[in-house]
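S.K.: Here you go, this is upload.csv (CSV, C-alpha atoms and all ligand atoms).
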```csv
chain,number,residue,atom,x,y,z
A,1,MET,CA,3.4,13.5,11.1
A,2,ALA,CA,6.3,15.1,9.2
A,3,GLY,CA,10.1,14.9,8.7
A,4,ILE,CA,12.9,17.4,8.6
A,5,TYR,CA,16.0,17.0,6.3
A,6,ILE,CA,19.1,19.1,6.9
A,7,HIS,CA,21.7,19.4,4.2
A,8,ILE,CA,25.3,19.7,5.3
A,9,PRO,CA,27.1,20.8,2.1
A,10,PHE,CA,30.7,19.9,2.8
A,11,CYS,CA,32.9,17.0,1.8
A,12,LYS,CA,36.6,16.2,2.2
A,13,GLN,CA,36.9,15.4,-1.5
A,14,ALA,CA,34.7,15.1,-4.5
A,15,CYS,CA,33.7,11.5,-5.5
A,16,HIS,CA,33.9,11.3,-9.3
A,17,TYR,CA,30.3,10.2,-9.7
A,18,CYS,CA,28.6,12.6,-7.3
A,19,ASP,CA,26.2,15.4,-8.4
A,20,PHE,CA,25.0,16.4,-5.0
A,21,HIS,CA,25.6,19.9,-3.8
A,22,PHE,CA,28.7,20.2,-1.6
A,23,SER,CA,31.9,22.3,-1.3
A,24,THR,CA,35.3,20.9,-0.4
A,25,SER,CA,36.1,24.1,1.4
A,26,LEU,CA,35.0,24.5,5.0
A,27,THR,CA,35.6,28.3,4.9
A,28,TYR,CA,31.9,29.1,5.4
A,29,LYS,CA,31.1,26.3,7.9
A,30,ASP,CA,30.3,28.5,10.9
A,31,ASP,CA,28.3,31.0,8.8
A,32,LEU,CA,26.4,28.1,7.2
A,33,LEU,CA,25.5,26.5,10.5
A,34,ASN,CA,24.2,29.9,11.7
A,35,ALA,CA,22.2,30.1,8.5
A,36,LEU,CA,20.7,26.6,8.9
A,37,ARG,CA,19.5,27.5,12.4
A,38,GLN,CA,18.1,30.8,11.1
A,39,GLU,CA,16.3,29.0,8.3
A,40,ILE,CA,14.7,26.5,10.8
A,41,HIS,CA,13.2,29.6,12.4
A,42,LEU,CA,12.1,31.2,9.1
A,43,GLN,CA,10.4,28.0,7.9
A,44,LYS,CA,8.7,27.2,11.2
A,45,ASP,CA,5.2,27.3,9.7
A,46,PHE,CA,5.9,25.2,6.6
A,47,LEU,CA,4.8,22.0,8.3
A,48,ASP,CA,1.7,23.4,9.9
A,49,SER,CA,2.5,22.3,13.4
A,50,GLU,CA,2.8,18.6,12.5
A,51,THR,CA,4.7,16.4,14.9
A,52,ILE,CA,8.2,15.7,13.7
A,53,GLU,CA,8.7,11.9,13.5
A,54,THR,CA,12.1,11.9,11.6
A,55,ILE,CA,15.1,14.1,11.3
A,56,TYR,CA,17.7,13.3,8.6
A,57,PHE,CA,21.2,14.8,8.3
A,58,GLY,CA,22.3,14.3,4.7
A,59,GLY,CA,24.7,15.9,2.4
A,60,GLY,CA,27.5,16.3,1.6
A,61,THR,CA,29.0,14.7,4.7
A,62,PRO,CA,27.2,15.4,8.0
A,63,SER,CA,29.8,13.4,9.9
A,64,LEU,CA,32.2,16.3,9.4
A,65,LEU,CA,30.2,18.2,12.0
A,66,GLU,CA,31.1,18.1,15.7
A,67,GLY,CA,28.6,16.6,18.2
A,68,GLU,CA,27.9,20.0,19.7
A,69,GLU,CA,27.1,21.5,16.3
A,70,ILE,CA,24.6,18.6,15.7
A,71,ASN,CA,23.0,19.2,19.1
A,72,GLN,CA,22.6,22.9,18.3
A,73,LEU,CA,20.6,22.1,15.2
A,74,ILE,CA,18.5,19.5,16.9
A,75,ASN,CA,17.8,21.9,19.8
A,76,THR,CA,16.7,24.6,17.4
A,77,ILE,CA,14.2,22.1,15.8
A,78,THR,CA,12.9,20.9,19.2
A,79,ASP,CA,12.4,24.6,20.3
A,80,LEU,CA,10.1,25.2,17.4
A,81,HIS,CA,8.4,21.9,16.7
A,82,GLY,CA,6.9,19.1,18.6
A,83,VAL,CA,9.4,16.2,18.1
A,84,SER,CA,8.2,12.7,18.9
A,85,SER,CA,10.1,11.1,21.8
A,86,ALA,CA,10.6,8.1,19.5
A,87,ALA,CA,11.8,10.1,16.5
A,88,GLU,CA,14.2,8.5,14.1
A,89,ILE,CA,17.3,10.8,13.8
A,90,THR,CA,19.7,9.7,11.1
A,91,LEU,CA,23.2,11.0,10.3
A,92,GLU,CA,24.9,10.2,7.1
A,93,ALA,CA,28.5,9.3,7.9
A,94,ASN,CA,31.6,8.5,6.0
A,95,PRO,CA,33.7,5.6,7.3
A,96,ASP,CA,36.9,7.8,7.8
A,97,ASP,CA,35.0,10.1,10.1
A,98,LEU,CA,33.7,7.5,12.5
A,99,ASP,CA,36.6,7.2,14.9
A,100,GLN,CA,36.3,6.7,18.7
A,101,LYS,CA,36.3,10.4,19.4
A,102,LYS,CA,33.5,11.2,16.9
A,103,LEU,CA,31.4,8.2,18.2
A,104,LYS,CA,31.8,9.4,21.8
A,105,GLU,CA,30.7,12.9,20.7
A,106,LEU,CA,27.7,11.5,18.8
A,107,LYS,CA,26.7,9.4,21.8
A,108,GLN,CA,26.0,12.8,23.5
A,109,THR,CA,23.5,13.7,20.8
A,110,PRO,CA,20.0,12.3,20.1
A,111,VAL,CA,21.3,10.8,16.8
A,112,ASN,CA,20.0,7.1,16.8
A,113,ARG,CA,20.7,5.9,13.3
A,114,PHE,CA,23.7,6.0,11.0
A,115,SER,CA,23.8,5.8,7.2
A,116,ILE,CA,27.4,4.8,6.4
A,117,GLY,CA,28.7,5.3,2.8
A,118,ILE,CA,30.8,2.2,2.3
A,119,GLN,CA,30.2,1.8,-1.5
A,120,SER,CA,32.8,-1.0,-1.9
A,121,PHE,CA,35.3,-3.2,0.1
A,122,PHE,CA,37.9,-2.9,-2.6
A,123,ASP,CA,40.6,-0.2,-2.4
A,124,ASP,CA,41.0,-0.1,-6.2
A,125,ASP,CA,37.3,0.6,-6.6
A,126,LEU,CA,37.3,3.2,-3.9
A,127,THR,CA,40.2,4.9,-5.6
A,128,TRP,CA,38.4,4.7,-9.0
A,129,MET,CA,35.4,6.4,-7.3
A,130,ASN,CA,37.7,9.0,-5.6
A,131,ARG,CA,36.3,8.1,-2.2
A,132,ALA,CA,38.2,9.5,0.8
A,133,HIS,CA,38.2,6.2,2.8
A,134,ARG,CA,39.9,2.8,2.5
A,135,SER,CA,38.2,-0.6,2.6
A,136,ASN,CA,39.5,-1.5,6.0
A,137,GLU,CA,38.0,1.7,7.4
A,138,ALA,CA,34.6,0.7,5.9
A,139,GLU,CA,34.5,-2.4,8.0
A,140,SER,CA,36.1,-1.1,11.1
A,141,SER,CA,33.8,2.0,11.2
A,142,VAL,CA,30.7,-0.2,11.3
A,143,LYS,CA,32.1,-2.4,14.0
A,144,ARG,CA,33.2,0.6,16.1
A,145,ALA,CA,29.7,2.2,15.8
A,146,GLN,CA,28.1,-1.1,16.9
A,147,ASP,CA,30.5,-1.4,19.8
A,148,ALA,CA,29.6,2.2,20.8
A,149,GLY,CA,25.9,1.0,21.0
A,150,PHE,CA,24.6,2.2,17.6
A,151,GLU,CA,22.6,-0.8,16.4
A,152,ASN,CA,20.4,1.0,13.9
A,153,ILE,CA,22.8,1.2,10.9
A,154,THR,CA,22.3,1.3,7.2
A,155,VAL,CA,25.2,1.0,4.7
A,156,ASP,CA,25.3,2.1,1.1
A,157,LEU,CA,26.9,0.0,-1.7
A,158,ILE,CA,27.3,0.7,-5.4
A,159,TYR,CA,27.2,-1.8,-8.3
A,160,GLY,CA,27.2,-1.7,-12.1
A,161,TYR,CA,30.5,0.0,-12.7
A,162,PRO,CA,33.3,-1.4,-15.0
A,163,LEU,CA,35.7,-2.5,-12.3
A,164,LEU,CA,33.1,-4.6,-10.4
A,165,THR,CA,33.0,-8.2,-11.6
A,166,ASP,CA,30.2,-10.4,-10.4
A,167,GLN,CA,32.7,-12.2,-8.1
A,168,LYS,CA,33.7,-8.8,-6.5
A,169,TRP,CA,30.0,-7.9,-6.1
A,170,LYS,CA,29.4,-11.2,-4.4
A,171,HIS,CA,32.4,-10.5,-2.1
A,172,ASN,CA,31.0,-7.0,-1.2
A,173,LEU,CA,27.6,-8.5,-0.4
A,174,ASP,CA,29.1,-11.3,1.7
A,175,LYS,CA,31.2,-8.7,3.6
A,176,VAL,CA,28.2,-6.5,4.3
A,177,PHE,CA,26.1,-9.5,5.5
A,178,ASN,CA,28.9,-10.4,7.9
A,179,LEU,CA,28.6,-6.9,9.5
A,180,GLN,CA,25.0,-7.8,10.7
A,181,VAL,CA,23.5,-4.4,9.9
A,182,PRO,CA,19.7,-4.3,9.7
A,183,HIS,CA,19.4,-2.1,6.6
A,184,ILE,CA,21.3,-1.9,3.3
A,185,SER,CA,20.9,0.4,0.3
A,186,ALA,CA,22.4,-0.5,-3.0
A,187,TYR,CA,22.5,1.8,-6.1
A,188,SER,CA,23.5,1.2,-9.7
A,189,MET,CA,26.2,3.6,-10.7
A,190,THR,CA,24.7,6.3,-12.9
A,191,VAL,CA,26.7,8.9,-14.9
A,192,GLU,CA,25.3,12.3,-14.1
A,193,PRO,CA,26.0,15.2,-16.3
A,194,ARG,CA,28.7,17.7,-15.1
A,195,THR,CA,30.5,15.1,-12.9
A,196,ALA,CA,34.1,14.1,-13.2
A,197,LEU,CA,33.0,10.6,-14.2
A,198,ALA,CA,31.0,12.1,-17.1
A,199,SER,CA,34.0,14.0,-18.4
A,200,LEU,CA,36.3,11.0,-18.0
A,201,ILE,CA,34.0,8.9,-20.1
A,202,LYS,CA,33.5,11.7,-22.7
A,203,ASN,CA,37.3,12.0,-23.0
A,204,LYS,CA,37.6,8.2,-23.3
A,205,LYS,CA,39.6,7.9,-20.1
A,206,GLN,CA,36.9,5.7,-18.6
A,207,GLN,CA,34.6,3.1,-20.0
A,208,PRO,CA,30.9,3.9,-20.0
A,209,MET,CA,28.6,2.0,-17.7
A,210,ASN,CA,27.1,-1.2,-19.1
A,211,GLU,CA,23.4,-1.7,-18.7
A,212,GLU,CA,23.5,-5.4,-19.0
A,213,GLN,CA,26.1,-5.7,-16.2
A,214,SER,CA,24.0,-3.4,-14.0
A,215,SER,CA,20.8,-5.6,-14.6
A,216,GLU,CA,22.7,-8.8,-13.9
A,217,GLN,CA,24.2,-7.4,-10.7
A,218,PHE,CA,20.8,-6.0,-9.6
A,219,THR,CA,19.4,-9.6,-10.0
A,220,GLN,CA,22.4,-11.0,-8.1
A,221,LEU,CA,21.6,-8.4,-5.4
A,222,MET,CA,17.9,-9.3,-5.1
A,223,GLU,CA,18.7,-13.0,-4.9
A,224,ALA,CA,21.4,-12.6,-2.2
A,225,MET,CA,19.2,-10.3,-0.1
A,226,GLN,CA,16.3,-12.7,-0.3
A,227,ALA,CA,18.5,-15.6,0.7
A,228,GLN,CA,19.6,-13.6,3.7
A,229,GLY,CA,16.1,-12.8,4.8
A,230,PHE,CA,16.1,-9.1,3.9
A,231,GLU,CA,12.8,-7.5,2.7
A,232,HIS,CA,13.1,-5.7,-0.6
A,233,TYR,CA,10.9,-2.8,0.4
A,234,GLU,CA,12.0,-0.2,-2.2
A,235,ILE,CA,13.9,-0.7,-5.4
A,236,SER,CA,17.3,0.3,-3.8
A,237,ASN,CA,16.5,-0.5,-0.2
A,238,PHE,CA,16.5,-3.7,1.8
A,239,CYS,CA,16.0,-4.4,5.5
A,240,ARG,CA,15.6,-7.0,8.2
A,241,PRO,CA,11.9,-7.2,9.0
A,242,GLY,CA,10.6,-4.0,10.4
A,243,HIS,CA,13.8,-2.0,10.0
A,244,TYR,CA,12.6,0.3,7.3
A,245,SER,CA,14.1,3.8,7.0
A,246,ARG,CA,11.2,5.7,8.5
A,247,HIS,CA,12.4,9.0,7.0
A,248,ASN,CA,12.7,7.7,3.4
A,249,THR,CA,9.5,5.6,3.7
A,250,ASN,CA,7.7,8.8,4.6
A,251,TYR,CA,9.0,10.4,1.4
A,252,TRP,CA,7.7,7.5,-0.7
A,253,LYS,CA,4.3,7.6,1.1
A,254,GLY,CA,3.8,11.4,0.5
A,255,VAL,CA,4.3,12.5,4.1
A,256,LYS,CA,5.2,16.2,4.4
A,257,TYR,CA,8.9,17.2,4.9
A,258,LEU,CA,10.9,20.4,5.3
A,259,GLY,CA,14.3,20.6,3.8
A,260,ILE,CA,16.8,23.0,5.4
A,261,GLY,CA,20.0,24.1,3.8
A,262,PRO,CA,21.4,24.8,0.3
A,263,SER,CA,19.8,22.6,-2.4
A,264,ALA,CA,17.4,21.0,0.1
A,265,HIS,CA,13.9,20.2,-1.1
A,266,SER,CA,10.6,20.6,0.8
A,267,TYR,CA,7.1,19.3,0.3
A,268,ASN,CA,3.9,20.0,2.1
A,269,GLY,CA,1.2,18.3,0.0
A,270,GLU,CA,0.5,21.3,-2.1
A,271,LYS,CA,3.8,22.6,-3.2
A,272,ARG,CA,7.4,21.6,-3.6
A,273,GLN,CA,10.3,24.0,-3.1
A,274,TRP,CA,14.0,23.7,-3.4
A,275,ASN,CA,16.7,26.0,-2.0
A,276,ILE,CA,19.5,27.5,-4.1
A,277,ALA,CA,22.5,25.1,-4.5
A,278,ASN,CA,25.2,27.7,-3.6
A,279,ASN,CA,26.5,28.1,-0.1
A,280,ALA,CA,27.5,31.8,-0.3
A,281,LYS,CA,24.2,32.9,-1.9
A,282,TYR,CA,22.2,30.8,0.5
A,283,ILE,CA,23.9,32.4,3.5
A,284,GLN,CA,23.4,35.9,2.1
A,285,ALA,CA,19.7,35.3,1.5
A,286,ILE,CA,19.1,33.9,4.9
A,287,GLU,CA,20.9,36.8,6.5
A,288,LYS,CA,18.3,39.0,4.8
A,289,LYS,CA,15.6,36.8,6.3
A,290,THR,CA,14.5,35.5,2.9
A,291,ILE,CA,14.3,31.9,1.7
A,292,PRO,CA,16.3,31.5,-1.5
A,293,ALA,CA,13.9,28.9,-3.0
A,294,GLU,CA,12.1,28.1,-6.2
A,295,ILE,CA,8.5,27.0,-5.6
A,296,GLU,CA,6.3,24.7,-7.7
A,297,ILE,CA,2.6,24.5,-6.9
A,298,LEU,CA,1.7,20.9,-7.7
A,299,THR,CA,-0.9,20.3,-10.4
A,300,GLU,CA,-3.2,17.3,-10.3
A,301,GLU,CA,-1.0,15.7,-13.0
A,302,ASN,CA,2.2,16.4,-11.0
A,303,ARG,CA,0.6,14.6,-8.0
A,304,LEU,CA,-0.6,11.6,-10.0
A,305,ASN,CA,2.8,11.2,-11.6
A,306,GLU,CA,4.7,11.5,-8.3
A,307,TYR,CA,2.5,9.0,-6.7
A,308,ILE,CA,3.0,6.5,-9.6
A,309,MET,CA,6.8,7.0,-9.5
A,310,THR,CA,7.2,6.6,-5.8
A,311,SER,CA,4.6,4.1,-4.9
A,312,LEU,CA,5.4,1.6,-7.7
A,313,ARG,CA,9.0,1.4,-6.4
A,314,THR,CA,7.9,0.1,-3.0
A,315,GLN,CA,6.6,-3.2,-1.7
A,316,TRP,CA,3.4,-1.4,-0.6
A,317,GLY,CA,2.5,-0.9,-4.3
A,318,LEU,CA,0.4,1.6,-6.1
A,319,LYS,CA,-3.1,1.7,-4.5
A,320,LEU,CA,-5.8,2.4,-7.1
A,321,GLU,CA,-8.0,4.1,-4.5
A,322,GLN,CA,-5.3,6.6,-3.6
A,323,LEU,CA,-4.9,7.4,-7.3
A,324,ASN,CA,-8.6,8.1,-7.5
A,325,MET,CA,-8.4,10.3,-4.5
A,326,ILE,CA,-6.0,12.5,-6.4
A,327,ALA,CA,-8.1,12.5,-9.6
A,328,LYS,CA,-11.5,10.8,-9.9
A,329,GLY,CA,-11.4,7.9,-12.3
A,330,ALA,CA,-7.7,8.0,-12.8
A,331,SER,CA,-7.3,4.3,-12.0
A,332,ASP,CA,-9.3,3.3,-15.1
A,333,SER,CA,-7.0,5.0,-17.6
A,334,LEU,CA,-3.9,3.7,-15.6
A,335,LEU,CA,-5.1,0.1,-15.8
A,336,LYS,CA,-5.6,0.5,-19.5
A,337,GLU,CA,-2.0,1.7,-19.9
A,338,ALA,CA,-0.8,-1.0,-17.6
A,339,GLU,CA,-2.2,-3.9,-19.7
A,340,GLU,CA,1.0,-4.3,-21.7
A,341,PHE,CA,3.0,-4.7,-18.5
A,342,LEU,CA,0.5,-7.1,-16.9
A,343,GLU,CA,0.8,-9.3,-19.9
A,344,LYS,CA,4.6,-9.2,-19.8
A,345,GLY,CA,4.5,-10.3,-16.2
A,346,TRP,CA,6.3,-7.1,-15.1
A,347,ILE,CA,3.5,-6.0,-12.8
A,348,VAL,CA,0.6,-7.8,-11.0
A,349,GLN,CA,-2.7,-6.5,-9.7
A,350,LYS,CA,-3.8,-7.7,-6.3
A,351,ASP,CA,-6.4,-6.3,-3.9
A,352,GLN,CA,-6.9,-3.1,-5.8
A,353,ALA,CA,-3.2,-2.3,-6.0
A,354,ILE,CA,-0.4,-2.8,-8.5
A,355,TYR,CA,3.0,-4.2,-7.7
A,356,LEU,CA,6.2,-4.7,-9.6
A,357,THR,CA,7.2,-8.4,-10.0
A,358,GLN,CA,10.8,-9.4,-9.6
A,359,ALA,CA,11.2,-9.2,-13.4
A,360,GLY,CA,9.5,-5.8,-13.4
A,361,LYS,CA,11.9,-4.3,-10.9
A,362,LEU,CA,14.5,-4.3,-13.6
A,363,TYR,CA,12.3,-1.9,-15.6
A,364,ALA,CA,10.9,0.2,-12.7
A,365,ASP,CA,11.6,3.6,-14.2
A,366,HIS,CA,10.5,2.7,-17.7
A,367,ILE,CA,7.2,1.2,-16.4
A,368,ALA,CA,6.5,4.3,-14.2
A,369,SER,CA,7.2,6.8,-16.9
A,370,ASP,CA,5.0,4.9,-19.4
A,371,LEU,CA,2.1,5.0,-16.9
A,372,PHE,CA,2.5,8.8,-16.3
A,373,PHE,CA,-0.5,11.0,-17.1
B,1,LIG,S1,31.0,12.0,0.1
B,1,LIG,FE1,28.9,11.7,-0.7
B,1,LIG,S2,28.2,13.8,-1.0
B,1,LIG,FE2,30.4,13.9,-0.8
B,1,LIG,S3,31.2,13.8,-2.9
B,1,LIG,FE3,31.2,11.7,-2.1
B,1,LIG,S4,29.2,10.9,-2.7
B,1,LIG,FE4,29.1,13.1,-2.9
```
Translate the structure of the given file into structure tokens.

M.R.:
Amino acid sequence: MAGIYIHIPFCKQACHYCDFHFSTSLTYKDDLLNALRQEIHLQKDFLDSETIETIYFGGGTPSLLEGEEINQLINTITDLHGVSSAAEITLEANPDDLDQKKLKELKQTPVNRFSIGIQSFFDDDLTWMNRAHRSNEAESSVKRAQDAGFENITVDLIYGYPLLTDQKWKHNLDKVFNLQVPHISAYSMTVEPRTALASLIKNKKQQPMNEEQSSEQFTQLMEAMQAQGFEHYEISNFCRPGHYSRHNTNYWKGVKYLGIGPSAHSYNGEKRQWNIANNAKYIQAIEKKTIPAEIEILTEENRLNEYIMTSLRTQWGLKLEQLNMIAKGASDSLLKEAEEFLEKGWIVQKDQAIYLTQAGKLYADHIASDLFF
């Protein structure tokens, strides 16, 4: 079992908070699509003939591609790998791209899941974020996709930024519940270095984020989701029972994946590698039949820490036995370090596993990094 991620590094405009790799120029689009197909060939042995269970088009903005371009990429994958007939194939889409014509095209592809970047239902907030869409498009795009027969939809929301009062956050959550989607991801706004948001804050043109506001809105989010019957299966992810993102869940469970495209990451149990985050250099390297990637061979310590970081964030918890499989006896020293958090009621131990409590979810990163080896 394995997954393939394809990075589509183009966007219509740059959201102020975003530090993903993308270009707002489509000049290299055709060359880049050729290079992506070529890289799929070059990397065909990375996953050791594992069956592909999930394919994920991320970015950037994959919904800028035409249906035929998506089909060509999927066909290249199916020519070289065994792809499960029940594979989950997700496409990240921005609301302004999902018009009737695009949906009709996408119906002619094997894409069976959308991840729609709504972020907010307030135009002022979307302008503040420098998003390319308007709030009415956010709502109508989901409805159009549902009418076109796409039921498996997740939407992204953002909280914890200065414009978002608790009342507005409640409004956004109510709106999204009305859309009847089976999966919702919600992220606290973070200020990444070298983004427009970071410079605006540095130059005192924007207020910094407020941690207390973010914690309060995260608590509001968890309570609202629980009241609506959503499972909180990962810190930022909620779903109707059984509607997990299979692709992302596999990341968190340590399943192998191959990342194709500039800036894409790959993992095969022994090493991680990440491609250069530059479209022109990526294309040049692939034309010479080389993979422009840095490689890190994972040490025992790397693998322990990655397992702690990812497993603790999920509802399946950190299994002590799995920790000991990475390094014999590792669970003893972890449990010693964890005493402080057990006493505070931030984690609980049950059936040889450790889980974050509702209170502990507010400190997930802090707890994980304190437990690192
Ligand atoms: S659309 Fe997505 S990838 Fe593109 S700039 Fe905005 S947040 Fe970043």

S.K.: Counting all atoms listed in the file, figure out which residue out of A:Leu342, A:Val83, A:Ile326, A:Met309 gets nearest to A:Leu371.

M.R.: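 For A:Leu371, the nearest of the given residues is A:Met309.
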
S.K.: From the list A:Gln220, A:Thr310, A:Ser266, A:Ser23, which residue is nearest ligand LIG 1 (chain B) when using all atoms listed in the file?

M.R.: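 Residue with the minimum atom-to-atom distance to ligand LIG 1 (chain B): A:Ser23.
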
S.K.: Using all atoms listed in the file, pick whichever of A:Gly117, A:Gly67, A:Gly82, A:Gly3 has the shortest atom-to-atom distance to A:Glu53.

M.R.: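 Residue with the minimum atom-to-atom distance to A:Glu53: A:Gly3.
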
S.K.: Which residues sit within 8 Å of ligand LIG 1 (chain B), counting all atoms listed in the file, listed as a count of residues only?

M.R.: 22

S.K.: Taking all atoms listed in the file into account, name the residue in A:Ser49, A:Ser369, A:Thr109, A:Gln322 that is nearest to A:Ala338.

M.R.: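 Using all atoms listed in the file, the shortest distance to A:Ala338 belongs to A:Ser369.
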
S.K.: Which value, in Å to one decimal, gives the distance between atom CA of A:Leu32 and atom CA of A:Ile283?

M.R.: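 Separation between atom CA of A:Leu32 and atom CA of A:Ile283: 6.2 Å.
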
S.K.: Counting all atoms listed in the file, which residue out of A:Thr290, A:Gln284, A:Ser333, A:Asn237 sits closest to A:Ile40?

M.R.: A:Thr290

S.K.: Measuring atom to atom with all atoms listed in the file, identify which of A:Ser188, A:Asn279, A:Thr54, A:Asn75 is nearest to A:Tyr257.

M.R.: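 Among the listed residues, A:Thr54 lies closest to A:Tyr257.
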
S.K.: Can you tell me how far atom CA of A:Asp48 sits from atom CA of A:Val255, in Å to one decimal?

M.R.: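 Interatomic distance here is 12.6 Å.
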
S.K.: Please return as a list in words every residue within 6 Å of (7.0, 21.9, 6.2), taking into account only C-alpha atoms and the file's own coordinates.

M.R.: Phe46, Leu47, Tyr257, Leu258 and Asn268 of chain A

S.K.: For the residues in the current selection, export C-alpha atoms as a JSON list (two decimals), in the frame of the given file.

M.R.:
```json
[["chain", "number", "residue", "atom", "x", "y", "z"],
["A", 46, "PHE", "CA", 5.90, 25.20, 6.60],
["A", 47, "LEU", "CA", 4.80, 22.00, 8.30],
["A", 257, "TYR", "CA", 8.90, 17.20, 4.90],
["A", 258, "LEU", "CA", 10.90, 20.40, 5.30],
["A", 268, "ASN", "CA", 3.90, 20.00, 2.10]]
```

S.K.: Write out as a tab-separated table (two decimals) with C-alpha atoms, keeping the file's coordinate frame each polymer residue whose atoms come within 12 Å of A:Met325, counting all atoms listed in the file; drop sequence neighbours fewer than 4 positions from it.

M.R.:
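Writing done, so here's out_39.tsv:
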```
chain	number	residue	atom	x	y	z
A	300	GLU	CA	-3.20	17.30	-10.30
A	303	ARG	CA	0.60	14.60	-8.00
A	304	LEU	CA	-0.60	11.60	-10.00
A	307	TYR	CA	2.50	9.00	-6.70
A	319	LYS	CA	-3.10	1.70	-4.50
A	320	LEU	CA	-5.80	2.40	-7.10
A	321	GLU	CA	-8.00	4.10	-4.50
A	329	GLY	CA	-11.40	7.90	-12.30
A	330	ALA	CA	-7.70	8.00	-12.80
A	331	SER	CA	-7.30	4.30	-12.00
```

S.K.: Any idea what's packed within 6 Å of stretch 357-361 of chain A, counting only C-alpha atoms, ignoring anything in its chain fewer than 2 positions away? Could you give it as a list of chain:residue names?

M.R.: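 Result of the neighbour search: A:Trp346, A:Ile347, A:Tyr363, A:Ala364.
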
S.K.: Pick out the residues sitting within 7 Å of A:Ala138, and hand them over as a list of chain:residue names; count only C-alpha atoms, and ignore anything fewer than 4 positions along from it in its own chain.

M.R.: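 Everything that qualifies: A:Pro95, A:Ile118, A:Arg134, A:Val142.
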
S.K.: Need to verify the contact set: A:Thr219, 12 Å, only C-alpha atoms, exclusion of same-chain residues closer than 2 positions in sequence. Can you return it as a list in words?

M.R.: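 Selected residues are Tyr159, Gly160, Asp166, Trp169, Lys170, Ala186, Ser188, Glu212, Gln213, Ser214, Ser215, Glu216, Gln217, Leu221, Met222, Glu223, Ala224, Met225, Gln226, His232, Ile235, Ser236, Gln358, Ala359, Gly360, Lys361, Leu362 and Tyr363 of chain A.
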
S.K.: Please provide as a compact mmCIF listing (two decimals) with C-alpha atoms, in the frame of the given file all residues within 12 Å of A:Ile201, with the sequence filter that same-chain residues fewer than 5 positions apart are discarded (counting all atoms listed in the file).

M.R.:
```txt
# COMPACT_ATOMS: atom_id res chain seq x y z
CA HIS A 16 33.90 11.30 -9.30
CA TYR A 17 30.30 10.20 -9.70
CA PRO A 162 33.30 -1.40 -15.00
CA VAL A 191 26.70 8.90 -14.90
CA GLU A 192 25.30 12.30 -14.10
CA PRO A 193 26.00 15.20 -16.30
CA ARG A 194 28.70 17.70 -15.10
CA THR A 195 30.50 15.10 -12.90
CA ALA A 196 34.10 14.10 -13.20
CA GLN A 206 36.90 5.70 -18.60
CA GLN A 207 34.60 3.10 -20.00
CA PRO A 208 30.90 3.90 -20.00
CA MET A 209 28.60 2.00 -17.70
```
